[in-house]
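Okay, upload35.csv now, which holds CSV, C-alpha atoms and all ligand atoms:
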chain,number,residue,atom,x,y,z
A,1,MET,CA,-2.7,16.5,16.3
A,2,SER,CA,0.0,18.0,14.2
A,3,THR,CA,-1.0,20.9,12.1
A,4,SER,CA,2.0,20.9,9.8
A,5,GLU,CA,1.0,19.5,6.5
A,6,PRO,CA,3.4,18.7,3.8
A,7,LEU,CA,3.6,20.8,0.7
A,8,ASN,CA,2.0,18.1,-1.4
A,9,PRO,CA,0.3,15.7,1.0
A,10,GLU,CA,-0.6,13.1,-1.5
A,11,ASP,CA,2.9,12.9,-2.7
A,12,GLU,CA,4.1,12.6,0.9
A,13,ALA,CA,1.6,9.9,1.5
A,14,VAL,CA,2.7,7.4,-1.1
A,15,PHE,CA,6.4,8.1,-1.7
A,16,ALA,CA,7.8,7.5,1.8
A,17,GLU,CA,11.0,6.1,0.5
A,18,ILE,CA,13.3,9.0,1.5
A,19,ASN,CA,12.0,9.4,5.0
A,20,GLN,CA,13.4,6.1,6.3
A,21,THR,CA,14.7,5.4,9.8
A,22,GLU,CA,17.8,3.3,10.3
A,23,LEU,CA,15.6,0.5,11.5
A,24,GLN,CA,13.7,0.4,8.3
A,25,LYS,CA,16.9,0.4,6.3
A,26,ASN,CA,18.1,-2.7,8.1
A,27,ILE,CA,15.2,-5.1,8.3
A,28,PRO,CA,17.0,-8.0,10.2
A,29,ALA,CA,18.2,-5.6,12.9
A,30,ASN,CA,14.8,-4.5,13.8
A,31,ALA,CA,14.1,-8.0,15.1
A,32,ALA,CA,16.0,-6.9,18.2
A,33,ASP,CA,14.2,-3.6,18.4
A,34,GLN,CA,12.2,-3.2,21.6
A,35,ALA,CA,11.7,0.5,21.6
A,36,ALA,CA,8.3,1.5,23.0
A,37,PHE,CA,5.6,2.7,20.6
A,38,VAL,CA,4.4,6.2,21.0
A,39,ASN,CA,0.9,6.1,19.5
A,40,ALA,CA,-1.5,8.8,18.6
A,41,LEU,CA,-5.2,9.1,19.6
A,42,ALA,CA,-7.8,6.9,18.0
A,43,ILE,CA,-9.8,8.6,15.3
A,44,SER,CA,-12.9,8.2,17.4
A,45,GLN,CA,-11.3,10.8,19.8
A,46,HIS,CA,-10.8,13.3,17.1
A,47,GLY,CA,-13.4,16.1,16.7
A,48,ASN,CA,-15.3,17.8,14.0
A,49,GLU,CA,-12.3,19.2,12.2
A,50,ALA,CA,-11.0,15.7,11.5
A,51,PHE,CA,-14.4,14.7,10.3
A,52,ALA,CA,-14.7,17.6,7.9
A,53,ARG,CA,-11.3,17.0,6.4
A,54,ILE,CA,-11.8,13.2,6.0
A,55,ALA,CA,-15.2,13.9,4.4
A,56,LYS,CA,-13.5,15.9,1.7
A,57,ILE,CA,-11.2,13.0,0.6
A,58,ILE,CA,-13.9,10.2,0.6
A,59,PRO,CA,-16.2,10.4,-2.4
A,60,ALA,CA,-19.8,9.9,-1.4
A,61,GLU,CA,-20.3,7.1,-4.0
A,62,LEU,CA,-17.7,5.1,-2.2
A,63,LEU,CA,-19.3,5.6,1.2
A,64,GLY,CA,-22.6,4.6,-0.2
A,65,THR,CA,-25.1,4.1,2.7
A,66,ARG,CA,-22.3,4.1,5.3
A,67,SER,CA,-22.1,7.0,7.7
A,68,LEU,CA,-18.6,8.5,8.0
A,69,ALA,CA,-19.3,9.6,11.6
A,70,GLU,CA,-20.2,6.0,12.5
A,71,LEU,CA,-17.1,4.6,10.8
A,72,MET,CA,-15.0,7.1,12.8
A,73,ALA,CA,-16.8,6.4,16.1
A,74,ARG,CA,-16.3,2.6,15.6
A,75,ASP,CA,-12.5,2.9,15.4
A,76,THR,CA,-11.3,3.2,18.9
A,77,LEU,CA,-7.9,1.7,18.2
A,78,PRO,CA,-4.8,3.8,18.5
A,79,ILE,CA,-3.2,5.3,15.4
A,80,PRO,CA,0.5,4.6,15.1
A,81,GLY,CA,2.8,7.6,15.9
A,82,PRO,CA,4.4,9.3,12.9
A,83,ASP,CA,7.6,7.2,13.2
A,84,ASP,CA,5.6,4.0,12.8
A,85,ARG,CA,3.5,5.1,9.8
A,86,GLU,CA,6.0,4.1,7.2
A,87,GLY,CA,6.3,7.8,6.2
A,88,TYR,CA,2.6,8.1,5.5
A,89,SER,CA,0.9,11.3,6.5
A,90,PRO,CA,2.0,13.3,9.6
A,91,THR,CA,-1.6,14.2,10.3
A,92,GLU,CA,-3.8,11.5,11.9
A,93,TRP,CA,-6.9,12.4,10.0
A,94,ARG,CA,-5.2,12.0,6.6
A,95,TYR,CA,-3.4,8.8,7.7
A,96,TRP,CA,-6.7,7.3,8.8
A,97,GLY,CA,-8.7,8.7,5.9
A,98,SER,CA,-6.2,7.5,3.3
A,99,GLY,CA,-6.5,4.0,4.6
A,100,LEU,CA,-10.3,4.2,4.7
A,101,LEU,CA,-10.3,5.4,1.1
A,102,ASP,CA,-8.2,2.4,0.0
A,103,TYR,CA,-10.4,0.0,2.0
A,104,LEU,CA,-13.6,1.3,0.4
A,105,LYS,CA,-12.0,1.0,-3.0
A,106,VAL,CA,-11.2,-2.6,-2.4
A,107,LEU,CA,-14.8,-3.3,-1.2
A,108,ALA,CA,-16.1,-1.6,-4.4
A,109,GLN,CA,-14.0,-4.0,-6.6
A,110,CYS,CA,-15.3,-7.0,-4.6
A,111,GLU,CA,-18.8,-5.8,-5.2
A,112,ARG,CA,-18.1,-5.2,-8.9
A,113,TYR,CA,-16.7,-8.7,-9.4
A,114,GLY,CA,-19.1,-10.5,-7.1
A,115,VAL,CA,-16.5,-11.6,-4.6
A,116,THR,CA,-17.6,-12.4,-1.0
A,117,LEU,CA,-15.1,-11.1,1.4
A,118,GLU,CA,-14.6,-13.3,4.5
A,119,LYS,CA,-10.8,-13.8,4.7
A,120,VAL,CA,-8.5,-10.9,3.6
A,121,PHE,CA,-4.7,-10.7,3.5
A,122,ASP,CA,-2.7,-7.5,3.2
A,123,PHE,CA,0.8,-8.2,2.0
A,124,GLY,CA,3.3,-5.5,3.1
A,125,ALA,CA,0.7,-4.1,5.5
A,126,ALA,CA,3.1,-2.0,7.5
A,127,SER,CA,1.3,-0.9,10.7
A,128,GLY,CA,-2.1,-1.4,9.2
A,129,ARG,CA,-3.0,1.8,7.4
A,130,VAL,CA,-5.5,-0.1,5.3
A,131,LEU,CA,-5.7,-3.3,7.3
A,132,ARG,CA,-7.2,-1.6,10.4
A,133,HIS,CA,-10.3,-0.8,8.5
A,134,PHE,CA,-10.9,-4.4,7.6
A,135,ALA,CA,-10.4,-5.3,11.2
A,136,VAL,CA,-12.7,-2.6,12.6
A,137,GLN,CA,-15.3,-2.1,9.9
A,138,GLY,CA,-15.9,-5.6,8.5
A,139,PRO,CA,-17.2,-7.5,6.7
A,140,ALA,CA,-14.2,-9.9,6.8
A,141,THR,CA,-14.3,-12.4,9.6
A,142,GLU,CA,-10.5,-13.1,9.3
A,143,VAL,CA,-8.0,-10.3,8.7
A,144,TRP,CA,-4.4,-11.1,8.1
A,145,GLY,CA,-1.4,-8.9,7.4
A,146,SER,CA,2.3,-9.5,6.9
A,147,ASP,CA,5.4,-7.4,6.5
A,148,PHE,CA,9.1,-8.1,6.5
A,149,ASN,CA,9.6,-5.1,8.9
A,150,ILE,CA,9.3,-6.9,12.3
A,151,ARG,CA,8.6,-3.7,14.2
A,152,HIS,CA,5.5,-3.1,12.0
A,153,VAL,CA,4.3,-6.7,12.8
A,154,ARG,CA,4.9,-6.1,16.5
A,155,TRP,CA,2.7,-3.0,16.2
A,156,LEU,CA,-0.1,-4.9,14.5
A,157,GLN,CA,0.1,-7.7,17.1
A,158,GLU,CA,0.0,-5.2,20.0
A,159,PHE,CA,-2.7,-2.8,18.8
A,160,LEU,CA,-4.9,-4.5,16.2
A,161,PRO,CA,-6.5,-7.3,18.3
A,162,ASN,CA,-8.5,-8.9,15.6
A,163,VAL,CA,-5.7,-9.2,13.1
A,164,THR,CA,-3.4,-12.2,12.5
A,165,ALA,CA,0.0,-10.5,11.8
A,166,ILE,CA,2.9,-12.4,10.5
A,167,VAL,CA,6.5,-11.6,9.6
A,168,ASN,CA,7.6,-12.8,6.1
A,169,ARG,CA,11.0,-13.0,4.7
A,170,GLU,CA,12.1,-11.1,1.7
A,171,SER,CA,11.6,-14.3,-0.3
A,172,PRO,CA,8.4,-16.3,-0.2
A,173,GLY,CA,6.5,-18.0,1.3
A,174,LEU,CA,3.8,-17.5,3.8
A,175,PRO,CA,2.7,-19.9,6.6
A,176,VAL,CA,-0.8,-20.1,5.1
A,177,GLU,CA,-2.6,-23.1,3.6
A,178,ASP,CA,-3.5,-23.1,-0.1
A,179,HIS,CA,-6.6,-21.4,-1.4
A,180,TYR,CA,-7.2,-19.6,2.0
A,181,PHE,CA,-8.1,-16.0,1.3
A,182,ASP,CA,-11.0,-14.4,-0.7
A,183,VAL,CA,-9.0,-11.2,-1.2
A,184,VAL,CA,-5.3,-10.3,-1.2
A,185,THR,CA,-4.1,-6.7,-1.3
A,186,ALA,CA,-0.7,-5.2,-1.7
A,187,PHE,CA,-0.4,-1.4,-1.6
A,188,SER,CA,2.9,0.2,-2.7
A,189,VAL,CA,4.8,-3.1,-2.3
A,190,PHE,CA,5.3,-4.4,-5.9
A,191,THR,CA,6.5,-0.8,-6.6
A,192,HIS,CA,9.6,-1.7,-4.6
A,193,ILE,CA,10.1,-5.5,-5.2
A,194,ASP,CA,13.1,-5.8,-7.6
A,195,ALA,CA,13.8,-9.5,-7.2
A,196,TRP,CA,11.3,-12.2,-6.3
A,197,GLU,CA,8.4,-10.5,-8.1
A,198,SER,CA,7.3,-13.6,-9.9
A,199,ALA,CA,7.8,-15.8,-6.9
A,200,TRP,CA,5.7,-13.4,-4.7
A,201,LEU,CA,2.9,-13.3,-7.3
A,202,ALA,CA,2.9,-17.1,-7.4
A,203,GLU,CA,2.7,-17.2,-3.6
A,204,LEU,CA,-0.2,-14.7,-3.5
A,205,ARG,CA,-1.9,-16.8,-6.1
A,206,ARG,CA,-1.4,-19.9,-4.0
A,207,VAL,CA,-3.0,-18.5,-0.9
A,208,LEU,CA,-5.9,-17.0,-2.8
A,209,ARG,CA,-9.0,-19.2,-3.4
A,210,PRO,CA,-10.1,-19.9,-6.9
A,211,GLY,CA,-12.3,-16.9,-8.0
A,212,GLY,CA,-10.6,-14.7,-5.3
A,213,LEU,CA,-9.5,-11.2,-6.0
A,214,ALA,CA,-6.0,-9.7,-5.9
A,215,TYR,CA,-5.7,-5.9,-5.6
A,216,VAL,CA,-2.2,-4.8,-6.3
A,217,THR,CA,-0.8,-1.3,-6.9
A,218,ILE,CA,1.9,-0.5,-9.4
A,219,HIS,CA,3.7,2.4,-11.1
A,220,ASP,CA,2.8,2.2,-14.7
A,221,GLU,CA,2.5,4.4,-17.8
A,222,ALA,CA,0.0,6.7,-16.0
A,223,THR,CA,2.5,7.3,-13.3
A,224,TRP,CA,5.2,7.9,-15.8
A,225,GLU,CA,3.0,10.4,-17.7
A,226,GLU,CA,2.3,12.2,-14.5
A,227,LEU,CA,6.0,12.6,-13.9
A,228,ARG,CA,6.4,13.9,-17.4
A,229,GLN,CA,3.7,16.5,-16.8
A,230,LEU,CA,5.4,17.6,-13.6
A,231,LYS,CA,8.5,18.2,-15.6
A,232,GLU,CA,6.6,20.1,-18.2
A,233,GLN,CA,5.0,22.3,-15.6
A,234,GLN,CA,8.3,22.7,-13.8
A,235,THR,CA,6.9,21.4,-10.6
A,236,GLU,CA,8.9,18.2,-10.5
A,237,GLN,CA,10.9,19.1,-7.5
A,238,LYS,CA,7.8,18.8,-5.3
A,239,SER,CA,7.6,15.1,-6.1
A,240,ARG,CA,9.7,12.8,-4.0
A,241,LEU,CA,9.4,10.0,-6.6
A,242,TYR,CA,10.7,12.3,-9.3
A,243,ARG,CA,13.6,13.5,-7.2
A,244,SER,CA,14.5,10.0,-6.2
A,245,LEU,CA,14.5,8.8,-9.8
A,246,ALA,CA,16.5,11.7,-11.0
A,247,ALA,CA,19.0,11.1,-8.2
A,248,ALA,CA,19.2,7.4,-9.1
A,249,ASP,CA,19.8,7.8,-12.9
A,250,VAL,CA,21.1,10.9,-14.6
A,251,GLN,CA,19.3,9.9,-17.8
A,252,PHE,CA,15.9,9.9,-16.0
A,253,THR,CA,15.1,13.6,-16.6
A,254,THR,CA,15.7,13.0,-20.4
A,255,LEU,CA,13.9,9.7,-20.5
A,256,VAL,CA,10.8,10.9,-18.7
A,257,VAL,CA,9.6,13.1,-21.6
A,258,GLN,CA,9.4,9.9,-23.7
A,259,PRO,CA,7.0,6.9,-23.4
A,260,LEU,CA,7.9,4.5,-20.6
A,261,PRO,CA,11.2,3.1,-22.1
A,262,ALA,CA,10.8,-0.6,-21.0
A,263,GLU,CA,8.1,-3.0,-20.1
A,264,ARG,CA,9.6,-3.5,-16.6
A,265,LEU,CA,11.9,-0.8,-15.4
A,266,VAL,CA,13.8,-1.0,-12.1
A,267,TYR,CA,15.6,2.0,-10.6
A,268,GLU,CA,18.0,0.6,-8.0
A,269,PHE,CA,19.1,2.9,-5.2
A,270,ALA,CA,20.9,0.6,-2.8
A,271,LYS,CA,21.6,-3.1,-2.2
A,272,HIS,CA,19.5,-3.5,0.9
A,273,GLY,CA,16.3,-2.1,2.5
A,274,PRO,CA,12.7,-1.9,1.6
A,275,TYR,CA,13.1,1.1,-0.6
A,276,ARG,CA,16.2,0.0,-2.5
A,277,ALA,CA,14.3,0.2,-5.8
A,278,GLN,CA,11.4,1.8,-7.6
A,279,VAL,CA,9.8,-0.5,-10.1
A,280,PHE,CA,7.6,0.5,-13.1
A,281,HIS,CA,5.4,-2.0,-15.0
A,282,ALA,CA,3.9,-1.3,-18.4
A,283,SER,CA,0.3,-2.5,-18.6
A,284,SER,CA,1.3,-4.8,-21.5
A,285,TYR,CA,3.8,-6.5,-19.2
A,286,VAL,CA,1.2,-6.9,-16.4
A,287,ARG,CA,-1.3,-8.5,-18.8
A,288,ARG,CA,1.3,-10.7,-20.5
A,289,VAL,CA,3.4,-11.8,-17.5
A,290,TRP,CA,1.2,-11.4,-14.4
A,291,GLY,CA,-1.6,-12.7,-16.7
A,292,GLN,CA,0.0,-16.1,-16.6
A,293,ALA,CA,-0.8,-16.4,-12.9
A,294,PHE,CA,-4.0,-14.4,-12.7
A,295,GLU,CA,-6.8,-13.2,-14.9
A,296,VAL,CA,-6.1,-9.5,-15.2
A,297,LEU,CA,-9.6,-7.9,-14.9
A,298,GLU,CA,-8.5,-4.3,-15.2
A,299,ILE,CA,-5.8,-1.9,-14.5
A,300,ILE,CA,-7.2,1.3,-13.1
A,301,PRO,CA,-5.0,4.3,-13.8
A,302,ARG,CA,-3.8,6.2,-10.8
A,303,HIS,CA,-6.4,4.7,-8.5
A,304,HIS,CA,-4.0,4.8,-5.6
A,305,VAL,CA,-2.7,8.4,-5.8
A,306,HIS,CA,0.1,8.2,-8.4
A,307,GLN,CA,-0.1,4.4,-8.6
A,308,SER,CA,-2.4,2.4,-10.7
A,309,VAL,CA,-4.4,-0.6,-9.4
A,310,VAL,CA,-4.2,-4.0,-10.9
A,311,VAL,CA,-7.4,-6.0,-10.2
A,312,MET,CA,-6.9,-9.7,-10.8
A,313,ARG,CA,-8.8,-12.9,-10.2
A,314,LYS,CA,-7.4,-16.3,-9.6
A,315,PRO,CA,-8.8,-18.6,-12.2
A,316,SER,CA,-11.0,-21.4,-11.1
A,317,GLN,CA,-8.6,-24.0,-12.4
B,401,LIG,C1,5.2,2.0,1.0
B,401,LIG,S1,4.9,0.9,2.3
B,401,LIG,C2,3.2,0.5,2.2
B,401,LIG,C3,2.6,0.0,3.4
B,401,LIG,C4,1.1,-0.3,3.4
B,401,LIG,N1,0.9,-1.3,2.3
B,401,LIG,C5,0.3,0.9,3.1
B,401,LIG,O1,-0.2,1.1,2.0
B,401,LIG,O2,0.1,1.6,4.0
B,401,LIG,C6,5.6,-0.6,1.7
B,401,LIG,C7,5.6,-1.7,2.8
B,401,LIG,O3,6.0,-3.0,2.2
B,401,LIG,C8,6.9,-3.6,3.0
B,401,LIG,N2,7.6,-4.6,2.1
B,401,LIG,C9,8.3,-4.3,1.0
B,401,LIG,N3,8.8,-5.4,0.5
B,401,LIG,C10,8.2,-6.4,1.2
B,401,LIG,C11,8.3,-7.9,1.1
B,401,LIG,N4,9.0,-8.5,0.1
B,401,LIG,N5,7.7,-8.6,2.0
B,401,LIG,C12,6.9,-8.0,3.0
B,401,LIG,N6,6.8,-6.7,3.1
B,401,LIG,C13,7.5,-5.9,2.2
B,401,LIG,C14,7.7,-2.6,3.6
B,401,LIG,O4,8.3,-3.0,4.8
B,401,LIG,C15,6.6,-1.5,3.9
B,401,LIG,O5,6.0,-1.7,5.1
When written as structure tokens, how does the structure in this file appear?
Amino acid sequence: MSTSEPLNPEDEAVFAEINQTELQKNIPANAADQAAFVNALAISQHGNEAFARIAKIIPAELLGTRSLAELMARDTLPIPGPDDREGYSPTEWRYWGSGLLDYLKVLAQCERYGVTLEKVFDFGAASGRVLRHFAVQGPATEVWGSDFNIRHVRWLQEFLPNVTAIVNRESPGLPVEDHYFDVVTAFSVFTHIDAWESAWLAELRRVLRPGGLAYVTIHDEATWEELRQLKEQQTEQKSRLYRSLAAADVQFTTLVVQPLPAERLVYEFAKHGPYRAQVFHASSYVRRVWGQAFEVLEIIPRHHVHQSVVVMRKPSQ
């Protein structure tokens, strides 16, 4: 296990955009990619040190009556190697633990809103950081994930045996019947979708059953405020997101001390690639525009590290 931890691991964990391989920059080209995967050991094979570190990042109230030791023992599937983690943590314990944390947070929202979880779909799942926990720990009986990065989908197909993994194109839709899933999730995906946002929301709504839950992360005012604080504390250079926005727009460092300047703000870095843009949504925009497709139940500030979580329900009719 690598012992080199980044300066600010949480920041590294979410804002992977700079650490992109050529494959990830060029999504169609990776259809031809057949390079072998070099995986890391399953978490079940990690020892007490990993347990102790993971225990520190999982709040007891989220674990409830579950035993962390049992959750770890149950997951005997390999962990993708660092090159196939979409830039998420270089340490296996943090990679696995961050996925577990998000998984438990989704379960907590299902419980809060009385949603029975049998069929779950993770849009933009990468190599299954969160999805693997649904596949291994339950309670879902059908676990689906998609990505437009074909190498990720190949990883899921090879190493997560209980998952239906599909490639989607940059534009919708999905080869899934209407009203199929109880829960759809999208972690750090709508933070990068510049075009096709409304179309993807409509597609996620289509595949969700009436009363089903959507759990989607965004950059919002809370993220913007955190960036402002970083500047105020002169620690902004530690943040990849801050650095990338400052590089994309010379006005950003002036704008960031003011309130979020638009309801939907897109910082465009390139014409192609999964990280060609960083997108910010004001909560007013989410409630007004996303609220046309879903009932927006709540927006939980910075519930996914720097990103906020939009919890939505598909109306019954
Ligand atoms: C920051 S990563 C997050 C990965 C994963 N959701 C997680 O939290 O570990 C964003 C992922 O979304 C994928 N992605 C971005 N836009 C997408 C789209 N339109 N369709 C499918 N996947 C997309 C990228 O390929 C990448 O795997």
*All residues within 9 Å of ligand LIG 401 (chain B) are required, counting only C-alpha atoms and all ligand atoms; please report them as a PyMOL selection string.*
chain A and resi 13-17+24+27+85-88+95+98-99+102+122-131+146-150+152+167-172+185-193+195-197+200+273-275
Write to file, as a JSON list (two decimals), in the frame of the given file, the residues of the selection just made, with C-alpha atoms.
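Written file, out.json:
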[["chain", "number", "residue", "atom", "x", "y", "z"],
["A", 13, "ALA", "CA", 1.60, 9.90, 1.50],
["A", 14, "VAL", "CA", 2.70, 7.40, -1.10],
["A", 15, "PHE", "CA", 6.40, 8.10, -1.70],
["A", 16, "ALA", "CA", 7.80, 7.50, 1.80],
["A", 17, "GLU", "CA", 11.00, 6.10, 0.50],
["A", 24, "GLN", "CA", 13.70, 0.40, 8.30],
["A", 27, "ILE", "CA", 15.20, -5.10, 8.30],
["A", 85, "ARG", "CA", 3.50, 5.10, 9.80],
["A", 86, "GLU", "CA", 6.00, 4.10, 7.20],
["A", 87, "GLY", "CA", 6.30, 7.80, 6.20],
["A", 88, "TYR", "CA", 2.60, 8.10, 5.50],
["A", 95, "TYR", "CA", -3.40, 8.80, 7.70],
["A", 98, "SER", "CA", -6.20, 7.50, 3.30],
["A", 99, "GLY", "CA", -6.50, 4.00, 4.60],
["A", 102, "ASP", "CA", -8.20, 2.40, 0.00],
["A", 122, "ASP", "CA", -2.70, -7.50, 3.20],
["A", 123, "PHE", "CA", 0.80, -8.20, 2.00],
["A", 124, "GLY", "CA", 3.30, -5.50, 3.10],
["A", 125, "ALA", "CA", 0.70, -4.10, 5.50],
["A", 126, "ALA", "CA", 3.10, -2.00, 7.50],
["A", 127, "SER", "CA", 1.30, -0.90, 10.70],
["A", 128, "GLY", "CA", -2.10, -1.40, 9.20],
["A", 129, "ARG", "CA", -3.00, 1.80, 7.40],
["A", 130, "VAL", "CA", -5.50, -0.10, 5.30],
["A", 131, "LEU", "CA", -5.70, -3.30, 7.30],
["A", 146, "SER", "CA", 2.30, -9.50, 6.90],
["A", 147, "ASP", "CA", 5.40, -7.40, 6.50],
["A", 148, "PHE", "CA", 9.10, -8.10, 6.50],
["A", 149, "ASN", "CA", 9.60, -5.10, 8.90],
["A", 150, "ILE", "CA", 9.30, -6.90, 12.30],
["A", 152, "HIS", "CA", 5.50, -3.10, 12.00],
["A", 167, "VAL", "CA", 6.50, -11.60, 9.60],
["A", 168, "ASN", "CA", 7.60, -12.80, 6.10],
["A", 169, "ARG", "CA", 11.00, -13.00, 4.70],
["A", 170, "GLU", "CA", 12.10, -11.10, 1.70],
["A", 171, "SER", "CA", 11.60, -14.30, -0.30],
["A", 172, "PRO", "CA", 8.40, -16.30, -0.20],
["A", 185, "THR", "CA", -4.10, -6.70, -1.30],
["A", 186, "ALA", "CA", -0.70, -5.20, -1.70],
["A", 187, "PHE", "CA", -0.40, -1.40, -1.60],
["A", 188, "SER", "CA", 2.90, 0.20, -2.70],
["A", 189, "VAL", "CA", 4.80, -3.10, -2.30],
["A", 190, "PHE", "CA", 5.30, -4.40, -5.90],
["A", 191, "THR", "CA", 6.50, -0.80, -6.60],
["A", 192, "HIS", "CA", 9.60, -1.70, -4.60],
["A", 193, "ILE", "CA", 10.10, -5.50, -5.20],
["A", 195, "ALA", "CA", 13.80, -9.50, -7.20],
["A", 196, "TRP", "CA", 11.30, -12.20, -6.30],
["A", 197, "GLU", "CA", 8.40, -10.50, -8.10],
["A", 200, "TRP", "CA", 5.70, -13.40, -4.70],
["A", 273, "GLY", "CA", 16.30, -2.10, 2.50],
["A", 274, "PRO", "CA", 12.70, -1.90, 1.60],
["A", 275, "TYR", "CA", 13.10, 1.10, -0.60]]
_Long-range neighbours of A:Tyr267 as a PyMOL selection string, 9 Å cut-off, only C-alpha atoms, 4 positions minimum in chain_ = chain A and resi 194+245+248-249+276-280
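Using all atoms listed in the file, the shortest contact distance between A:Glu226 and any of A:Arg302, A:Lys314, A:Lys56, A:Arg74 is found at A:Arg302.
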Counting all atoms listed in the file, which residues of stretch 103-215 of chain A sit at most 10 Å from some atom of stretch 283-296 of chain A, and what is each one's closest atom pair with its distance in Å to one decimal, listed by chain and rising residue number, as a tab-separated table?
residue	atom	partner	partner_atom	distance
A:Glu197	CA	A:Trp290	CA	9.6
A:Ser198	CA	A:Trp290	CA	7.9
A:Leu201	CA	A:Ala293	CA	7.4
A:Ala202	CA	A:Ala293	CA	6.7
A:Glu203	CA	A:Ala293	CA	10.0
A:Leu204	CA	A:Ala293	CA	9.6
A:Arg205	CA	A:Ala293	CA	6.9
A:Arg206	CA	A:Ala293	CA	9.6
A:Gly211	CA	A:Glu295	CA	9.6
A:Gly212	CA	A:Phe294	CA	9.9
A:Leu213	CA	A:Phe294	CA	9.2
A:Ala214	CA	A:Phe294	CA	8.5
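The space between atom CA of A:Ile218 and atom CA of A:Arg264 spans 11.0 Å.
Proximity to A:Val176 at 10 Å, evaluated using only C-alpha atoms and with sequence-adjacent residues fewer than 2 positions away removed, yields Gly173, Leu174, Asp178, His179, Tyr180, Phe181, Glu203, Arg206, Val207 and Leu208 of chain A.
Going from atom CA of A:Val266 over to atom CA of A:Phe121, you cover 26.1 Å.
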List every residue of stretch 239-276 of chain A that has an atom at most 10 Å from any atom of stretch 227-231 of chain A, and for each one report the closest atom pair and its distance in Å to one decimal, counting only C-alpha atoms, with rows sorted by chain and then by increasing residue number, as a Markdown table.
| residue | atom | partner | partner_atom | distance |
| --- | --- | --- | --- | --- |
| A:Ser239 | CA | A:Leu230 | CA | 8.2 |
| A:Leu241 | CA | A:Leu227 | CA | 8.5 |
| A:Tyr242 | CA | A:Leu227 | CA | 6.6 |
| A:Thr253 | CA | A:Lys231 | CA | 8.1 |
| A:Thr254 | CA | A:Arg228 | CA | 9.8 |
| A:Leu255 | CA | A:Arg228 | CA | 9.1 |
| A:Val256 | CA | A:Arg228 | CA | 5.5 |
| A:Val257 | CA | A:Arg228 | CA | 5.3 |
| A:Gln258 | CA | A:Arg228 | CA | 8.0 |
| A:Pro259 | CA | A:Arg228 | CA | 9.2 |
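With distances taken from (-14.7, -8.8, -2.3) and restricted to all atoms listed in the file, the residues inside 9 Å are Val106, Leu107, Ala108, Gln109, Cys110, Glu111, Arg112, Tyr113, Gly114, Val115, Thr116, Leu117, Glu118, Val120, Asp182, Val183, Gly212 and Leu213 of chain A.
Note that atom CA of A:Ala140 and atom CA of A:His46 are 25.6 Å apart.
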